Number of protein chains: 2
Amino acid sequence: MAITLYDLAGADDRRFSPHCWKTRMALAHKGLAFDAVPTRFTEIRSRCGGAFRTVPILEDGGRQIVDSWAIAEYLEATYADRPSLFGGPAGKAHARFVQNWAQTQLHPQIVKLIIHDIYTHLAPEDHGYFRESREKFLGTTLEQAQAGREERVAGFRAALEPARQTLKAQPFIGGEAPLYADYVLFGPLQWARVTGRMALLAEDDPVQAWFLRLADLYDGMGRRMPGYWPAANAAE
Amino acid sequence: MAITLYDLAGADDRRFSPHCWKTRMALAHKGLAFDAVPTRFTEIRSRCGGAFRTVPILEDGGRQIVDSWAIAEYLEATYADRPSLFGGPAGKAHARFVQNWAQTQLHPQIVKLIIHDIYTHLAPEDHGYFRESREKFLGTTLEQAQAGREERVAGFRAALEPARQTLKAQPFIGGEAPLYADYVLFGPLQWARVTGRMALLAEDDPVQAWFLRLADLYDGMGRRMPGYWPAANAAE
């Protein structure tokens with residue numbers, strides 16, 4: 001039976017969720033075919049009998065798993081004979097740290113760099129939900145939250161320094177080959193590339209070179225999704 | 001032949017270098033006995049024929065290795081039959097990320113929280129070198145660099161959030177047991193505990209609970225070194 005991924009989608013079928021991108025990369029890493037069903041924010045409750053409030057949701061042979069980390073654990077255990085996502089228990093423990101780093105140090109900054117751009121990519125039926133929930137969380141309007149982003153991008157690039165230093169010493173966070181720890185950083189950067197009308201990385205940044213290596217993996221799955229940068233690859 | 005560690009020391013034989021603490025913990029993790037020879041800043045050039053400008057330096061059977069990461073790699077390769085420091089290639093690749101995170105996101109903040117306190121612990125012959133080199137690097141006096149630290153400690157605690165989130169999910173950065181990735185965070189915190197006259201962690205912080213677990217390892221090697229916090233353990 002085919003694997004189904006309920007995958008967040010914008011108005012033009014653009015797939016932008018950082019967490020869904022982690023799962024997409026994990027599935028491809030395992031060499032598993034999957035059907036990525038486009039799901040608007042306001043459609044999530046119509047999937048799986050309304051059991052879940054967030055995506056990604058994975059359906060596999062009657063099982064339903066929600067949350068990208070839980071899905072990665074599920075895939076690693078269920079498809080143990082395929083390439084490992086974690087490279088063993090130590091790798092898994094450390095990958096949790098890398099994910100927590102990305103989510104606490106990068107995601108909040110990215111939100112304020114792209115939040116209104118995300119809004120402009122959503123289907124009309126998602127506009128009300130998105131604006132209301134995000135403005136409540138941010139304590140300001142989407143427009144105000146994103147305003148002045150040109151001044152904040154340098155701070156975001158500085159926050160990537162642990163990855164930058166690491167990628168000067170080895171080609172992937174996982175070492176000689178990509179592991180799930182790479183995907184937890186790729187996800188938020190792809191989120192920004194697919195929706196944000198401002199390049200977040202400098203062209204000569206080792207993080208950008210690594211990002212493009214990740215985007216090229218698995219038949220260019222990441223690169224084939226329309227996005228705004230790098231300039232040579234931009235497509236709307 | 002015994003292993004020798006040239007270990008940075010203050011006036012009262014206090015061992016405070018974050019990098020030497022990484023190496024101390026790595027040696028203990030491997031179950032290797034070692035002689036930690038106290039070395040003042042101005043004595044480093046008198047060790048090993050003046051070959052090195054920094055500590056830790058490890059001497060093992062005629063071999064000399066400098067730099068804590070190089071020493072960890074050496075110990076892992078040379079004593080492969082003893083408990084692994086990295087838990088495999090993936091763990092090692094990720095540990096490099098954790099080290100880069102600590103060194104780029106934590107060390108610079110710690111410097112401005114303890115730099116003058118460090119100075120007060122040094123042997124008189126180290127005072128001139130330390131003040132001159134650090135004031136040149138910082139662009140200000142040791143006193144000015146540390147001034148106002150009470151206002152900066154909250155920012156330091158916030159920067160620990162990736163570790164805090166991880167340690168809510170598992171007892172060690174390395175997972176169920178400590179690995180080198182734990183020591184690269186323990187080192188800078190021990191540096192602050194041994195020299196800094198201000199507690200850097202809140203008593204109820206999961207990072208503090210983890211730090212005390214680390215300090216208790218290996219017959220309490222970390223805890224037995226005099227330090228200023230936690231209050232229940234303070235000793236001058």
# chains A, B, ... in the order shown; residues from 1 in each chain; ligands from 1

$ interface_residues --of "chain A" --to "chain B" --cutoff "7 Å" --atoms "only C-alpha atoms" --output "PyMOL selection string"
chain A and resi 87+90-91+93-94+96-97+100-101+104+161-163+165-166+173-175

$ select_by_dssp --residues "segment 5-230 of chain B" --states "alpha helix (DSSP H)" --output "ChimeraX atom specification"
/B:18-29,68-78,89-101,107-121,124-138,142-146,149-159,161-169,180-195,206-224

$ residues_around --residues "Glu203 of chain A" --least-positions-apart "6" --cutoff "12 Å" --atoms "only C-alpha atoms" --output "PyMOL selection string"
chain A and resi 157+209-212+229-233

$ residues_around --residues "Arg131 of chain B" --least-positions-apart "3" --cutoff "8 Å" --atoms "only C-alpha atoms" --output "MDAnalysis selection string"
chainID B and resid 119 127:128 134:135 141:142

$ write_last_selection --atoms "N, CA, C and O atoms" --output "PDB file, in the first residue's frame"
ATOM      1  N   TYR B 119      40.832  36.617  35.701  1.00  0.00           N
ATOM      2  CA  TYR B 119      42.075  37.367  35.977  1.00  0.00           C
ATOM      3  C   TYR B 119      42.462  37.279  37.449  1.00  0.00           C
ATOM      4  O   TYR B 119      43.639  37.082  37.787  1.00  0.00           O
ATOM      5  N   HIS B 127      49.451  37.671  34.949  1.00  0.00           N
ATOM      6  CA  HIS B 127      48.578  38.843  34.884  1.00  0.00           C
ATOM      7  C   HIS B 127      48.845  39.736  33.678  1.00  0.00           C
ATOM      8  O   HIS B 127      47.910  40.158  32.990  1.00  0.00           O
ATOM      9  N   GLY B 128      50.107  40.009  33.424  1.00  0.00           N
ATOM     10  CA  GLY B 128      50.442  40.916  32.330  1.00  0.00           C
ATOM     11  C   GLY B 128      50.024  40.354  30.985  1.00  0.00           C
ATOM     12  O   GLY B 128      49.339  41.027  30.196  1.00  0.00           O
ATOM     13  N   ARG B 134      43.919  39.808  26.268  1.00  0.00           N
ATOM     14  CA  ARG B 134      42.442  39.808  26.287  1.00  0.00           C
ATOM     15  C   ARG B 134      41.885  41.207  26.069  1.00  0.00           C
ATOM     16  O   ARG B 134      40.840  41.364  25.433  1.00  0.00           O
ATOM     17  N   GLU B 135      42.551  42.210  26.581  1.00  0.00           N
ATOM     18  CA  GLU B 135      42.039  43.572  26.368  1.00  0.00           C
ATOM     19  C   GLU B 135      42.195  43.977  24.908  1.00  0.00           C
ATOM     20  O   GLU B 135      41.345  44.668  24.350  1.00  0.00           O
ATOM     21  N   THR B 141      38.789  47.194  28.656  1.00  0.00           N
ATOM     22  CA  THR B 141      39.451  46.614  29.826  1.00  0.00           C
ATOM     23  C   THR B 141      38.695  45.382  30.314  1.00  0.00           C
ATOM     24  O   THR B 141      37.507  45.192  30.027  1.00  0.00           O
ATOM     25  N   LEU B 142      39.383  44.542  31.076  1.00  0.00           N
ATOM     26  CA  LEU B 142      38.740  43.375  31.669  1.00  0.00           C
ATOM     27  C   LEU B 142      37.571  43.809  32.558  1.00  0.00           C
ATOM     28  O   LEU B 142      36.507  43.180  32.555  1.00  0.00           O
TER      29      LEU B 142
END

$ residues_around --residues "Asp60 of chain A" --least-positions-apart "3" --cutoff "8 Å" --atoms "only C-alpha atoms" --output "VMD selection string"
chain A and resid 1 to 4 63 to 64

$ select_by_dssp --residues "segment 11-230 of chain A" --states "strand (DSSP E)" --output "ChimeraX atom specification"
/A:34-39,57-60,63-66

$ write_last_selection --atoms "N, CA, C and O atoms" --output "tab-separated table (two decimals), in the first residue's frame"
chain	number	residue	atom	x	y	z
A	34	PHE	N	5.99	8.04	-2.11
A	34	PHE	CA	4.88	8.57	-1.32
A	34	PHE	C	4.05	9.52	-2.15
A	34	PHE	O	4.53	10.12	-3.11
A	35	ASP	N	2.81	9.62	-1.75
A	35	ASP	CA	1.86	10.53	-2.39
A	35	ASP	C	1.69	11.72	-1.45
A	35	ASP	O	1.19	11.58	-0.34
A	36	ALA	N	2.17	12.89	-1.89
A	36	ALA	CA	2.13	14.08	-1.04
A	36	ALA	C	0.84	14.85	-1.35
A	36	ALA	O	0.79	15.65	-2.28
A	37	VAL	N	-0.18	14.61	-0.55
A	37	VAL	CA	-1.50	15.18	-0.81
A	37	VAL	C	-1.54	16.63	-0.33
A	37	VAL	O	-1.35	16.91	0.86
A	38	PRO	N	-1.83	17.57	-1.26
A	38	PRO	CA	-1.85	18.98	-0.84
A	38	PRO	C	-2.97	19.23	0.16
A	38	PRO	O	-4.10	18.78	-0.04
A	39	THR	N	-2.62	19.95	1.21
A	39	THR	CA	-3.55	20.17	2.30
A	39	THR	C	-3.45	21.62	2.75
A	39	THR	O	-2.38	22.06	3.19
A	57	ILE	N	1.18	14.71	8.46
A	57	ILE	CA	0.57	13.46	8.91
A	57	ILE	C	0.99	12.40	7.89
A	57	ILE	O	0.89	12.63	6.69
A	58	LEU	N	1.44	11.28	8.37
A	58	LEU	CA	1.82	10.17	7.50
A	58	LEU	C	0.82	9.04	7.66
A	58	LEU	O	0.47	8.68	8.80
A	59	GLU	N	0.34	8.50	6.54
A	59	GLU	CA	-0.49	7.29	6.56
A	59	GLU	C	0.31	6.18	5.87
A	59	GLU	O	0.77	6.36	4.74
A	60	ASP	N	0.44	5.07	6.56
A	60	ASP	CA	1.23	3.97	6.03
A	60	ASP	C	0.58	2.66	6.47
A	60	ASP	O	0.64	2.30	7.65
A	63	ARG	N	-1.70	2.82	9.43
A	63	ARG	CA	-1.21	3.58	10.58
A	63	ARG	C	-1.17	5.07	10.25
A	63	ARG	O	-0.87	5.43	9.12
A	64	GLN	N	-1.44	5.88	11.23
A	64	GLN	CA	-1.38	7.33	11.06
A	64	GLN	C	-0.42	7.89	12.10
A	64	GLN	O	-0.56	7.61	13.29
A	65	ILE	N	0.55	8.68	11.64
A	65	ILE	CA	1.53	9.27	12.56
A	65	ILE	C	1.57	10.77	12.27
A	65	ILE	O	1.67	11.20	11.13
A	66	VAL	N	1.52	11.56	13.33
A	66	VAL	CA	1.60	13.01	13.21
A	66	VAL	C	2.87	13.50	13.89
A	66	VAL	O	3.35	12.86	14.82

$ closest_residue --among "B:Ala123, B:Ala154, B:Ala80, B:Ile114" --to "Val194 of chain B" --atoms "only C-alpha atoms"
B:Ile114

$ closest_residue --among "B:Tyr129, B:Tyr183, B:Tyr74, B:Tyr218" --to "Gly31 of chain B" --atoms "only C-alpha atoms"
B:Tyr218

$ atom_distance --atom1 "atom CA of Arg45 of chain B" --atom2 "atom CA of Glu125 of chain B"
13.8 Å

$ residues_around --residues "segment 17-30 of chain A" --least-positions-apart "2" --cutoff "6 Å" --atoms "only C-alpha atoms" --output "list of chain:residue names"
A:Asp7, A:Leu8, A:Leu32, A:Pro56, A:Ser68, A:Arg82, A:Pro83, A:Tyr183, A:Val184, A:Gly187, A:Pro188, A:Trp191

$ atom_distance --atom1 "atom CA of Gly148 of chain A" --atom2 "atom CA of Leu189 of chain A"
19.5 Å

$ closest_residue --among "B:Pro108, B:Gly49, B:Gly10, B:Pro206" --to "Arg152 of chain B" --atoms "only C-alpha atoms"
B:Pro108

$ residues_around --residues "Gly227 of chain A" --least-positions-apart "3" --cutoff "10 Å" --atoms "only C-alpha atoms" --output "list in words"
Arg14, Phe16, Gln190, Trp191, Ala192, Arg193, Val194, Thr195, Gly196, Arg197, Ala199, Gly222, Arg223, Arg224, Pro230, Ala231, Asn233, Ala234, Ala235 and Glu236 of chain A
